[in-house]
Structure formats: structure tokens, C-alpha cells
Amino acid sequence: MHSRIAGPTLKALVAASMARLLIQKAEAFSGAIGDPARPGVYREEVDGVTLTTTNFVNVVEDDVESRLTWEIAHPLWTLRFSERRMLESGSFEKAAPYSAALEGDLIDAARFLGLPRELFFGALRADGWTAAQIAIERLRWLDLPYARSGSTLNVILRLL
């Protein structure tokens with residue numbers, strides 16, 4: 001376990017969150033971005049966040065497969081999300097589980113993705129984080145400084 005790399009439980013939550021987002025925004029992503037039938041690379045930067053999609057379309061005998069990778073690069077974290085699809089009956093259908101990788105400031109990324117706080121911390125527990133590590137991350141989630149005095153610490157502990 002490394003505190004700047006998402007473990008398997010958190011990666012599964014991220015993959016589910018991204019899949020939900022892509023399904024909700026499917027119409028907005030029509031055209032060059034997110035179309036499994038169009039190979040190539042799309043890149044755009046908005047407010048310091050860079051979105052890059054890369055789509056490889058392979059034709060092997062009678063099978064046509066697409067591997068679409070989304071990369072969201074923020075100054076504090078990077079998220080990569082991949083989906084694999086096969087051409088069946090004229091449309092690309094999901095062919096494999098989604099995969100996700102998340103590195104960097106996990107809290108900032110979780111906030112960006114809209115993950116609920118307790119779900120995020122439950123994923124950290126499931127991924128083997130210690131109680132002390134989770135407590136520090138809870139403080140970071142609240143944007144509170146580390147406390148040295150007893151009275152300040154008591155206030156912070158009540159918030160946790």
C-alpha cells in the first residue's frame with residue numbers, strides 16, 4: 001500500500017464513478033471524444049486539467065475491438081480509465097471490465113469525482129490503510145491543520 005496510489009477497492013470505486021459519468025454524459029461526448037469507432041488521440045486543457053483520450057481500434061480476422069483510454073491529469077493527481085469494446089451487430093459493446101489507475105492526491109481526486117466521504121474512507125480501510133493513516137487523511141479532507149495542543153485536538157477529533 002502506498003499513500004499516493006489507489007488500492008484495488010478505491011480503483012473499483014473510481015472505475016464505477018467514471019463509468020457512471022460517461023454513461024450520464026454519453027451525448028456530450030459524441031464525436032471525436034469518447035467514440036469507440038474513431039481511432040486517434042484527443043487532447044484538451046481546461047483550467048489546468050488536461051483530458052486526453054486515446055482510442056486504438058484493432059481488426060483481427062473478423063473481430064473489431066476498441067480500447068479507449070481516458071486520462072485526466074490534474075496538477076495534484078492523475079486518473080487513467082480504460083474500457084474495451086468489441087464490434088457486435090453494428091455497435092461497440094463492452095467486452096471487458098473497466099480498469100482504472102489513480103495516483104497522486106487521492107483526496108483531491110475523490111472530491112473531483114464526487115465520491116462520498118465515508119465511501120472513500122471505507123475503501124481506504126478495505127485497501128489496508130492503518131487507523132492512523134486514515135485519521136490523517138480525514139484531517140486533510142476537512143482541510144484542518146495538524147494539531148499539537150490538546151484542546152484543538154479534541155475539537156478535531158469530534159469532527160472526525
# chains A, B, ... in the order shown; residues from 1 in each chain; ligands from 1

$ select_by_dssp --residues "stretch 67-136 of chain A" --states "helix (DSSP H, G or I)" --output "ChimeraX atom specification"
/A:106-113,117-126,131-136

$ write_last_selection --atoms "C-alpha atoms" --output "tab-separated table (two decimals), in the first residue's frame"
chain	number	residue	atom	x	y	z
A	106	LEU	CA	-6.26	10.74	-3.56
A	107	ILE	CA	-8.49	13.09	-1.54
A	108	ASP	CA	-8.44	15.81	-4.18
A	109	ALA	CA	-9.24	13.22	-6.86
A	110	ALA	CA	-12.09	11.75	-4.78
A	111	ARG	CA	-13.59	15.21	-4.36
A	112	PHE	CA	-13.25	15.87	-8.09
A	113	LEU	CA	-15.07	12.60	-8.86
A	117	ARG	CA	-16.53	10.87	2.07
A	118	GLU	CA	-17.42	7.74	4.07
A	119	LEU	CA	-17.31	5.56	0.97
A	120	PHE	CA	-13.82	6.91	0.24
A	121	PHE	CA	-12.59	6.17	3.77
A	122	GLY	CA	-14.22	2.73	3.72
A	123	ALA	CA	-12.23	1.98	0.56
A	124	LEU	CA	-9.01	3.06	2.27
A	125	ARG	CA	-9.77	0.68	5.18
A	126	ALA	CA	-10.50	-2.15	2.75
A	131	ALA	CA	-6.25	3.76	11.50
A	132	ALA	CA	-3.55	6.41	11.91
A	133	GLN	CA	-3.18	6.90	8.15
A	134	ILE	CA	-6.95	7.21	7.74
A	135	ALA	CA	-7.14	9.72	10.62
A	136	ILE	CA	-4.53	11.90	8.89

$ atom_distance --atom1 "atom CA of A:Ser3" --atom2 "atom CA of A:Glu44"
28.7 Å

$ select_by_dssp --residues "stretch 2-90 of chain A" --states "strand (DSSP E)" --output "number ranges by chain"
A: 40-46, 49-60, 63-73, 77-88

$ write_last_selection --atoms "N, CA and C atoms" --output "CSV table (one decimal), in the first residue's frame"
chain,number,residue,atom,x,y,z
A,40,GLY,N,-7.6,7.3,-32.6
A,40,GLY,CA,-6.9,8.5,-32.6
A,40,GLY,C,-6.8,9.1,-31.2
A,41,VAL,N,-6.2,10.3,-31.1
A,41,VAL,CA,-5.9,10.9,-29.8
A,41,VAL,C,-6.6,12.3,-29.8
A,42,TYR,N,-7.3,12.6,-28.7
A,42,TYR,CA,-7.9,13.8,-28.5
A,42,TYR,C,-7.3,14.4,-27.2
A,43,ARG,N,-7.0,15.7,-27.2
A,43,ARG,CA,-6.4,16.3,-26.0
A,43,ARG,C,-6.9,17.7,-25.9
A,44,GLU,N,-7.3,18.1,-24.7
A,44,GLU,CA,-7.7,19.5,-24.4
A,44,GLU,C,-7.4,19.8,-22.9
A,45,GLU,N,-7.0,21.0,-22.7
A,45,GLU,CA,-6.8,21.5,-21.3
A,45,GLU,C,-7.8,22.6,-21.0
A,46,VAL,N,-8.4,22.4,-19.8
A,46,VAL,CA,-9.4,23.3,-19.3
A,46,VAL,C,-9.0,23.6,-17.8
A,49,VAL,N,-6.5,21.4,-16.0
A,49,VAL,CA,-6.8,20.0,-16.0
A,49,VAL,C,-6.7,19.5,-17.5
A,50,THR,N,-6.0,18.5,-17.8
A,50,THR,CA,-5.8,18.1,-19.1
A,50,THR,C,-6.6,16.7,-19.3
A,51,LEU,N,-7.4,16.7,-20.3
A,51,LEU,CA,-8.1,15.5,-20.7
A,51,LEU,C,-7.5,15.0,-22.0
A,52,THR,N,-7.1,13.7,-22.0
A,52,THR,CA,-6.6,13.1,-23.1
A,52,THR,C,-7.3,11.8,-23.3
A,53,THR,N,-7.9,11.5,-24.5
A,53,THR,CA,-8.4,10.2,-24.8
A,53,THR,C,-7.6,9.6,-26.0
A,54,THR,N,-7.4,8.3,-25.8
A,54,THR,CA,-6.6,7.6,-26.8
A,54,THR,C,-7.4,6.4,-27.2
A,55,ASN,N,-7.7,6.2,-28.5
A,55,ASN,CA,-8.5,5.1,-28.9
A,55,ASN,C,-7.7,4.3,-30.0
A,56,PHE,N,-7.5,3.0,-29.7
A,56,PHE,CA,-6.9,2.1,-30.6
A,56,PHE,C,-8.0,1.1,-31.1
A,57,VAL,N,-8.2,1.1,-32.4
A,57,VAL,CA,-9.1,0.1,-33.0
A,57,VAL,C,-8.3,-0.9,-33.7
A,58,ASN,N,-8.5,-2.2,-33.3
A,58,ASN,CA,-7.8,-3.3,-33.9
A,58,ASN,C,-8.7,-4.1,-34.7
A,59,VAL,N,-8.3,-4.6,-35.9
A,59,VAL,CA,-9.1,-5.6,-36.7
A,59,VAL,C,-8.3,-6.8,-36.8
A,60,VAL,N,-8.8,-7.9,-36.2
A,60,VAL,CA,-8.1,-9.2,-36.2
A,60,VAL,C,-9.1,-10.2,-36.8
A,63,ASP,N,-12.9,-9.9,-36.2
A,63,ASP,CA,-13.2,-9.2,-34.9
A,63,ASP,C,-12.6,-7.8,-35.0
A,64,VAL,N,-13.5,-6.8,-34.5
A,64,VAL,CA,-13.0,-5.4,-34.4
A,64,VAL,C,-13.1,-5.1,-33.0
A,65,GLU,N,-12.0,-4.6,-32.4
A,65,GLU,CA,-12.0,-4.3,-31.0
A,65,GLU,C,-11.5,-2.9,-30.8
A,66,SER,N,-12.0,-2.2,-29.7
A,66,SER,CA,-11.6,-0.9,-29.4
A,66,SER,C,-11.1,-0.8,-28.0
A,67,ARG,N,-10.0,-0.1,-27.8
A,67,ARG,CA,-9.5,0.1,-26.4
A,67,ARG,C,-9.4,1.6,-26.2
A,68,LEU,N,-10.4,2.2,-25.5
A,68,LEU,CA,-10.4,3.6,-25.3
A,68,LEU,C,-9.9,4.0,-23.9
A,69,THR,N,-8.9,4.8,-23.8
A,69,THR,CA,-8.3,5.2,-22.5
A,69,THR,C,-8.5,6.7,-22.3
A,70,TRP,N,-9.1,7.0,-21.2
A,70,TRP,CA,-9.2,8.4,-20.7
A,70,TRP,C,-8.2,8.7,-19.7
A,71,GLU,N,-7.5,9.8,-19.9
A,71,GLU,CA,-6.5,10.3,-18.9
A,71,GLU,C,-6.9,11.7,-18.5
A,72,ILE,N,-7.1,11.9,-17.2
A,72,ILE,CA,-7.4,13.2,-16.6
A,72,ILE,C,-6.2,13.5,-15.8
A,73,ALA,N,-5.4,14.5,-16.2
A,73,ALA,CA,-4.2,14.9,-15.5
A,73,ALA,C,-4.4,16.3,-14.8
A,77,TRP,N,-2.9,15.1,-9.2
A,77,TRP,CA,-3.2,13.7,-9.4
A,77,TRP,C,-3.5,13.4,-10.8
A,78,THR,N,-3.4,12.1,-11.1
A,78,THR,CA,-3.7,11.6,-12.5
A,78,THR,C,-4.6,10.4,-12.4
A,79,LEU,N,-5.6,10.4,-13.3
A,79,LEU,CA,-6.5,9.3,-13.3
A,79,LEU,C,-6.5,8.7,-14.7
A,80,ARG,N,-6.4,7.4,-14.9
A,80,ARG,CA,-6.5,6.7,-16.2
A,80,ARG,C,-7.6,5.7,-16.1
A,81,PHE,N,-8.5,5.8,-17.1
A,81,PHE,CA,-9.6,4.9,-17.1
A,81,PHE,C,-9.7,4.3,-18.5
A,82,SER,N,-9.8,2.9,-18.5
A,82,SER,CA,-9.8,2.2,-19.8
A,82,SER,C,-11.1,1.4,-20.0
A,83,GLU,N,-11.6,1.4,-21.2
A,83,GLU,CA,-12.7,0.5,-21.5
A,83,GLU,C,-12.4,-0.2,-22.8
A,84,ARG,N,-12.7,-1.5,-22.8
A,84,ARG,CA,-12.5,-2.3,-24.0
A,84,ARG,C,-13.9,-2.7,-24.6
A,85,ARG,N,-14.0,-2.6,-25.9
A,85,ARG,CA,-15.3,-2.9,-26.5
A,85,ARG,C,-15.0,-3.7,-27.8
A,86,MET,N,-16.0,-4.5,-28.2
A,86,MET,CA,-16.0,-5.4,-29.4
A,86,MET,C,-17.2,-4.9,-30.3
A,87,LEU,N,-16.9,-4.9,-31.6
A,87,LEU,CA,-18.0,-4.6,-32.5
A,87,LEU,C,-18.9,-5.8,-32.6
A,88,GLU,N,-20.2,-5.7,-32.3
A,88,GLU,CA,-21.2,-6.8,-32.3
A,88,GLU,C,-22.5,-6.2,-32.9

$ closest_residue --among "A:Ala15, A:Leu139, A:Leu115, A:Leu21" --to "A:Tyr98" --atoms "only C-alpha atoms"
A:Ala15
